[in-house]
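S.K.: Got a file for you: run37.cif, mmCIF, C-alpha atoms.
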```
data_final
loop_
_atom_site.group_PDB
_atom_site.id
_atom_site.type_symbol
_atom_site.label_atom_id
_atom_site.label_comp_id
_atom_site.auth_asym_id
_atom_site.auth_seq_id
_atom_site.Cartn_x
_atom_site.Cartn_y
_atom_site.Cartn_z
ATOM 1 C CA MET A 1076 -25.714 -2.168 57.868
ATOM 2 C CA ALA A 1077 -22.281 -2.858 56.422
ATOM 3 C CA VAL A 1078 -20.409 -0.188 54.468
ATOM 4 C CA LEU A 1079 -18.206 -1.497 51.689
ATOM 5 C CA TYR A 1080 -14.823 0.091 51.149
ATOM 6 C CA PRO A 1081 -12.352 -0.630 48.374
ATOM 7 C CA VAL A 1082 -9.691 -2.710 50.115
ATOM 8 C CA PRO A 1083 -6.288 -3.779 48.774
ATOM 9 C CA PRO A 1084 -5.657 -7.537 48.939
ATOM 10 C CA GLY A 1085 -4.427 -8.812 52.291
ATOM 11 C CA MET A 1086 -5.727 -5.824 54.291
ATOM 12 C CA TRP A 1087 -8.045 -6.442 57.194
ATOM 13 C CA VAL A 1088 -11.294 -4.434 57.373
ATOM 14 C CA ASP A 1089 -13.159 -3.712 60.575
ATOM 15 C CA PRO A 1090 -16.848 -3.451 59.599
ATOM 16 C CA GLN A 1091 -17.416 -0.931 62.404
ATOM 17 C CA SER A 1092 -14.637 1.547 61.581
ATOM 18 C CA GLY A 1093 -13.746 0.830 57.973
ATOM 19 C CA PRO A 1094 -10.426 -0.264 56.509
ATOM 20 C CA ASP A 1095 -7.268 -0.165 58.606
ATOM 21 C CA MET A 1096 -5.139 2.041 56.360
ATOM 22 C CA SER A 1097 -2.068 1.867 58.605
ATOM 23 C CA ALA A 1098 -1.784 -1.873 57.937
ATOM 24 C CA HIS A 1099 -1.167 -1.277 54.227
ATOM 25 C CA PRO A 1100 2.425 -0.111 53.644
ATOM 26 C CA GLU A 1101 1.758 1.386 50.180
ATOM 27 C CA THR A 1102 -0.761 3.848 51.588
ATOM 28 C CA ALA A 1103 1.752 5.404 53.964
ATOM 29 C CA GLU A 1104 4.330 5.493 51.176
ATOM 30 C CA ASP A 1105 1.837 7.067 48.780
ATOM 31 C CA ARG A 1106 1.184 9.817 51.316
ATOM 32 C CA ALA A 1107 4.914 10.389 51.718
ATOM 33 C CA THR A 1108 5.536 10.589 47.973
ATOM 34 C CA ALA A 1109 2.660 12.987 47.202
ATOM 35 C CA PRO A 1110 4.838 16.067 47.857
ATOM 36 C CA ASN A 1111 7.558 14.476 45.692
ATOM 37 C CA SER A 1112 5.031 14.081 42.871
ATOM 38 C CA LEU A 1113 4.116 17.751 43.136
ATOM 39 C CA ALA A 1114 7.791 18.661 43.152
ATOM 40 C CA ARG A 1115 8.331 16.605 39.982
ATOM 41 C CA VAL A 1116 5.406 18.342 38.275
ATOM 42 C CA GLY A 1117 6.758 21.726 39.386
ATOM 43 C CA ALA A 1118 10.224 20.872 38.087
ATOM 44 C CA TYR A 1119 8.748 19.762 34.762
ATOM 45 C CA LEU A 1120 6.743 22.997 34.430
ATOM 46 C CA ARG A 1121 9.925 25.004 35.058
ATOM 47 C CA GLY A 1122 11.810 22.980 32.435
ATOM 48 C CA ASP A 1123 12.834 23.907 28.921
ATOM 49 C CA HIS A 1124 10.708 21.430 26.980
ATOM 50 C CA TRP A 1125 8.271 22.936 24.491
ATOM 51 C CA PHE A 1126 5.095 22.066 26.427
ATOM 52 C CA PRO A 1127 6.047 23.759 29.721
ATOM 53 C CA GLN A 1128 7.256 26.733 27.675
ATOM 54 C CA LEU A 1129 3.893 26.855 25.912
ATOM 55 C CA ILE A 1130 2.074 26.842 29.258
ATOM 56 C CA ARG A 1131 4.287 29.667 30.547
ATOM 57 C CA PHE A 1132 3.827 31.523 27.226
ATOM 58 C CA ALA A 1133 0.037 31.370 27.621
ATOM 59 C CA LEU A 1134 0.217 32.499 31.266
ATOM 60 C CA VAL A 1135 2.463 35.450 30.368
ATOM 61 C CA GLY A 1136 0.118 36.328 27.494
ATOM 62 C CA GLY A 1137 -2.870 36.272 29.819
ATOM 63 C CA LEU A 1138 -1.054 38.421 32.364
ATOM 64 C CA SER A 1139 -0.050 40.947 29.702
ATOM 65 C CA ASN A 1140 -3.669 41.098 28.488
ATOM 66 C CA VAL A 1141 -4.821 41.902 32.013
ATOM 67 C CA GLY A 1142 -2.095 44.579 32.218
ATOM 68 C CA TYR A 1143 -3.189 46.011 28.861
ATOM 69 C CA PHE A 1144 -6.809 46.169 30.026
ATOM 70 C CA LEU A 1145 -5.901 47.927 33.286
ATOM 71 C CA LEU A 1146 -3.647 50.437 31.498
ATOM 72 C CA PHE A 1147 -6.324 51.047 28.877
ATOM 73 C CA LEU A 1148 -8.817 51.876 31.613
ATOM 74 C CA ALA A 1149 -6.298 54.034 33.499
ATOM 75 C CA CYS A 1150 -5.386 56.047 30.384
ATOM 76 C CA TYR A 1151 -8.839 56.249 28.841
ATOM 77 C CA GLY A 1152 -9.295 59.838 30.062
ATOM 78 C CA GLY A 1153 -6.800 60.895 27.369
ATOM 79 C CA GLY A 1154 -8.885 59.187 24.679
ATOM 80 C CA PRO A 1155 -9.154 55.635 23.396
ATOM 81 C CA GLN A 1156 -6.248 55.929 20.925
ATOM 82 C CA LEU A 1157 -3.812 57.078 23.633
ATOM 83 C CA ALA A 1158 -5.125 54.398 25.983
ATOM 84 C CA ASN A 1159 -4.660 51.720 23.304
ATOM 85 C CA LEU A 1160 -1.156 52.902 22.419
ATOM 86 C CA THR A 1161 -0.048 53.088 26.059
ATOM 87 C CA GLY A 1162 -1.568 49.722 26.940
ATOM 88 C CA SER A 1163 -0.065 48.069 23.854
ATOM 89 C CA ILE A 1164 3.463 49.403 24.354
ATOM 90 C CA VAL A 1165 3.683 48.734 28.087
ATOM 91 C CA SER A 1166 2.016 45.303 28.009
ATOM 92 C CA THR A 1167 4.154 44.203 25.043
ATOM 93 C CA ALA A 1168 7.360 45.328 26.775
ATOM 94 C CA LEU A 1169 6.296 43.512 29.954
ATOM 95 C CA ALA A 1170 5.419 40.343 27.995
ATOM 96 C CA ASN A 1171 8.754 40.416 26.133
ATOM 97 C CA GLU A 1172 10.669 40.678 29.398
ATOM 98 C CA LEU A 1173 8.644 37.926 31.079
ATOM 99 C CA HIS A 1174 9.137 35.695 28.039
ATOM 100 C CA ARG A 1175 12.872 36.390 28.146
ATOM 101 C CA ARG A 1176 13.176 35.597 31.851
ATOM 102 C CA LEU A 1177 10.410 33.090 32.616
ATOM 103 C CA THR A 1178 9.032 31.484 29.475
ATOM 104 C CA PHE A 1179 12.308 30.778 27.677
ATOM 105 C CA HIS A 1180 14.895 31.239 30.484
ATOM 106 C CA ALA A 1181 16.987 33.397 28.150
ATOM 107 C CA ALA A 1182 18.043 36.239 30.457
ATOM 108 C CA ASP A 1183 21.669 35.073 30.266
ATOM 109 C CA ARG A 1184 21.593 34.587 26.452
ATOM 110 C CA VAL A 1185 19.494 37.493 25.140
ATOM 111 C CA ASN A 1186 19.843 41.044 26.431
ATOM 112 C CA TRP A 1187 16.877 43.273 27.249
ATOM 113 C CA LEU A 1188 17.154 45.515 24.177
ATOM 114 C CA THR A 1189 17.356 42.590 21.746
ATOM 115 C CA ALA A 1190 14.319 40.973 23.360
ATOM 116 C CA GLN A 1191 12.368 44.238 23.136
ATOM 117 C CA LEU A 1192 13.299 44.923 19.508
ATOM 118 C CA GLU A 1193 12.733 41.404 18.217
ATOM 119 C CA GLY A 1194 9.733 40.640 20.429
ATOM 120 C CA GLY A 1195 8.230 44.057 19.670
ATOM 121 C CA GLY A 1196 8.784 43.486 15.960
ATOM 122 C CA LEU A 1197 6.964 40.178 16.223
ATOM 123 C CA ALA A 1198 4.111 41.895 18.062
ATOM 124 C CA LEU A 1199 3.856 44.457 15.251
ATOM 125 C CA ALA A 1200 3.933 41.687 12.653
ATOM 126 C CA GLY A 1201 1.168 39.903 14.571
ATOM 127 C CA LEU A 1202 -0.893 43.093 14.640
ATOM 128 C CA ALA A 1203 -0.399 43.495 10.881
ATOM 129 C CA ILE A 1204 -1.420 39.865 10.221
ATOM 130 C CA THR A 1205 -4.504 40.186 12.426
ATOM 131 C CA SER A 1206 -5.500 43.474 10.786
ATOM 132 C CA ALA A 1207 -4.967 42.041 7.300
ATOM 133 C CA GLY A 1208 -7.004 38.975 8.218
ATOM 134 C CA LEU A 1209 -9.884 41.162 9.358
ATOM 135 C CA ALA A 1210 -9.664 43.302 6.221
ATOM 136 C CA ILE A 1211 -9.732 40.195 4.030
ATOM 137 C CA LEU A 1212 -12.647 38.843 6.036
ATOM 138 C CA ASP A 1213 -14.601 42.086 5.509
ATOM 139 C CA VAL A 1214 -14.085 41.817 1.735
ATOM 140 C CA ALA A 1215 -14.532 38.047 1.407
ATOM 141 C CA ALA A 1216 -17.503 37.687 3.777
ATOM 142 C CA PRO A 1217 -19.128 41.094 4.328
ATOM 143 C CA THR A 1218 -22.359 39.591 5.654
ATOM 144 C CA LEU A 1219 -20.844 37.817 8.662
ATOM 145 C CA ASN A 1220 -22.619 38.548 11.905
ATOM 146 C CA ASP A 1221 -20.807 39.800 15.011
ATOM 147 C CA ILE A 1222 -20.392 36.354 16.571
ATOM 148 C CA ALA A 1223 -18.952 34.794 13.416
ATOM 149 C CA GLU A 1224 -16.546 37.711 13.014
ATOM 150 C CA ALA A 1225 -15.529 37.452 16.690
ATOM 151 C CA LEU A 1226 -14.860 33.717 16.235
ATOM 152 C CA ALA A 1227 -12.757 34.528 13.180
ATOM 153 C CA VAL A 1228 -10.779 37.054 15.244
ATOM 154 C CA VAL A 1229 -10.193 34.393 17.908
ATOM 155 C CA ALA A 1230 -8.969 31.920 15.260
ATOM 156 C CA ILE A 1231 -6.687 34.500 13.636
ATOM 157 C CA THR A 1232 -5.333 35.597 17.023
ATOM 158 C CA ALA A 1233 -4.698 31.973 18.043
ATOM 159 C CA ALA A 1234 -2.821 31.327 14.801
ATOM 160 C CA VAL A 1235 -0.750 34.491 15.289
ATOM 161 C CA GLY A 1236 -0.053 33.464 18.907
ATOM 162 C CA ALA A 1237 1.139 30.030 17.784
ATOM 163 C CA LEU A 1238 3.418 31.613 15.174
ATOM 164 C CA ARG A 1239 4.710 34.069 17.774
ATOM 165 C CA PHE A 1240 5.476 31.230 20.208
ATOM 166 C CA LEU A 1241 7.337 29.236 17.564
ATOM 167 C CA THR A 1242 9.275 32.278 16.348
ATOM 168 C CA LEU A 1243 10.232 33.374 19.864
ATOM 169 C CA ARG A 1244 11.225 29.811 20.801
ATOM 170 C CA LEU A 1245 13.192 29.000 17.661
ATOM 171 C CA TRP A 1246 14.638 32.366 16.660
ATOM 172 C CA VAL A 1247 14.593 35.037 19.363
ATOM 173 C CA PHE A 1248 15.235 33.052 22.544
#
```
What is this file in structure tokens?

M.R.:
Amino acid sequence: MAVLYPVPPGMWVDPQSGPDMSAHPETAEDRATAPNSLARVGAYLRGDHWFPQLIRFALVGGLSNVGYFLLFLACYGGGPQLANLTGSIVSTALANELHRRLTFHAADRVNWLTAQLEGGGLALAGLAITSAGLAILDVAAPTLNDIAEALAVVAITAAVGALRFLTLRLWVF
């Protein structure tokens, strides 16, 4: 029984062993350039275009959320309010520093204190917008079920995150 393989034009195929890949010069070159392709992708993701910055922004945000969660659990013995405050302050400070250094490559342009004050102010503004959005939602649609309200929180949080990214990118860093 013959096995069919996709074969580039001009390449000889042995029906017993399959295509002779060494006879096709592009295949060897493709294998040699694969690491170069990964290097190009890595260089692009480290670049200062808006899309790589957005990817790094999301990764830093995810990391700071994990840090918040772990700090919240670690400090919960002192009560949920203390745990929330501690987790919020520490994870926001960590996120601001990572955004300064990694997301926006601004360590040489923006000092630590400026990044903390401006980034922290934006975090407070985001908290105020999210809280106001929830308050308005409670008044405007008091009969929403838990899932609908959770989806609204996700939408509000995503909008605040997008505004935070744009503000950090265009104003702070």

S.K.: Would you mind listing what lies within 9 Å of Leu1238 of chain A as a PyMOL selection string, with all atoms listed in the file counted and same-chain residues fewer than 5 positions away left out?

M.R.: chain A and resi 1201+1233+1243

S.K.: Which residues match the PyMOL selection byres ((chain A and resi 1142) around 10) in the file above, as a PyMOL selection string?

M.R.: chain A and resi 1136-1141+1143-1148+1162-1163+1165-1167+1169-1170

S.K.: If the PyMOL selection byres ((chain A and resi 1125) around 10) were run on this exact file, what residues would it hold? Put them as a list in words.

M.R.: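 What the PyMOL selection byres ((chain A and resi 1125) around 10) grabs from the file is Gly1122, Asp1123, His1124, Phe1126, Pro1127, Gln1128, Leu1129, Ile1130, Arg1131, Thr1178, Phe1179, Phe1240, Leu1241 and Arg1244 of chain A.
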
S.K.: Using all atoms listed in the file, determine which residues lie at most 8 Å from segment 1195-1200 of chain A, disregarding the query and same-chain residues fewer than 5 positions distant; provide the list as a list in words.

M.R.: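 The filter keeps Thr1167, Ala1168, Asn1171, Ala1190 and Arg1239 of chain A.
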
S.K.: Create the file for the chosen residues now, containing C-alpha atoms and written as a compact mmCIF listing (two decimals), in the coordinates of the input.

M.R.:
```
# COMPACT_ATOMS: atom_id res chain seq x y z
CA THR A 1167 4.15 44.20 25.04
CA ALA A 1168 7.36 45.33 26.78
CA ASN A 1171 8.75 40.42 26.13
CA ALA A 1190 14.32 40.97 23.36
CA ARG A 1239 4.71 34.07 17.77
```

S.K.: Go ahead and compute the interatomic distance for atom CA of Ala1223 of chain A and atom CA of Gly1154 of chain A, in Å to one decimal.

M.R.: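 Atom CA of Ala1223 of chain A sits 28.7 Å away from atom CA of Gly1154 of chain A.
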
S.K.: When you count only C-alpha atoms, which of these residues is closest to Ala1203 of chain A: A:Pro1110, A:Leu1177, A:Ile1231, A:Ala1215?

M.R.: A:Ile1231

S.K.: Could you check how far atom CA of Asn1159 of chain A sits from atom CA of Gln1191 of chain A, in Å to one decimal?

M.R.: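 These two atoms are separated by 18.6 Å.
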
S.K.: Taking all atoms listed in the file into account, name the residue in A:Gly1117, A:Gly1236, A:Gly1208, A:Gly1194 that is nearest to Phe1132 of chain A.

M.R.: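 Once distances to Phe1132 of chain A are computed over all atoms listed in the file, the minimum belongs to A:Gly1236.
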
S.K.: Between A:Ser1112, A:Ser1206, A:Gln1156, A:Thr1218, single out the one closest to Val1235 of chain A, counting all atoms listed in the file.

M.R.: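 Comparing A:Ser1112, A:Ser1206, A:Gln1156, A:Thr1218 against Val1235 of chain A, the winner is A:Ser1206.
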
S.K.: Using Å and a single decimal, report how far atom CA of His1180 of chain A sits from atom CA of Ala1133 of chain A.

M.R.: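 Pair atom CA of Ala1133 of chain A / atom CA of His1180 of chain A returns 15.1 Å.
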
S.K.: Using the chain letters and numbers from the file, give me the residues hit by the PyMOL selection byres ((chain A and resi 1209-1214) around 12), as a list in words.

M.R.: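 Output from the PyMOL selection byres ((chain A and resi 1209-1214) around 12), applied to this file: Leu1202, Ala1203, Ile1204, Thr1205, Ser1206, Ala1207, Gly1208, Ala1215, Ala1216, Pro1217, Thr1218, Leu1219, Asn1220, Asp1221, Ala1223, Glu1224, Ala1225, Leu1226, Ala1227, Val1228, Val1229, Ala1230, Ile1231 and Thr1232 of chain A.
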
S.K.: Point out the residue among A:Val1247, A:Ala1234, A:Leu1120, A:Leu1157 with the least atom-to-atom distance to Ala1182 of chain A, counting all atoms listed in the file.

M.R.: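 Counting all atoms listed in the file, the residue closest to Ala1182 of chain A is A:Val1247.
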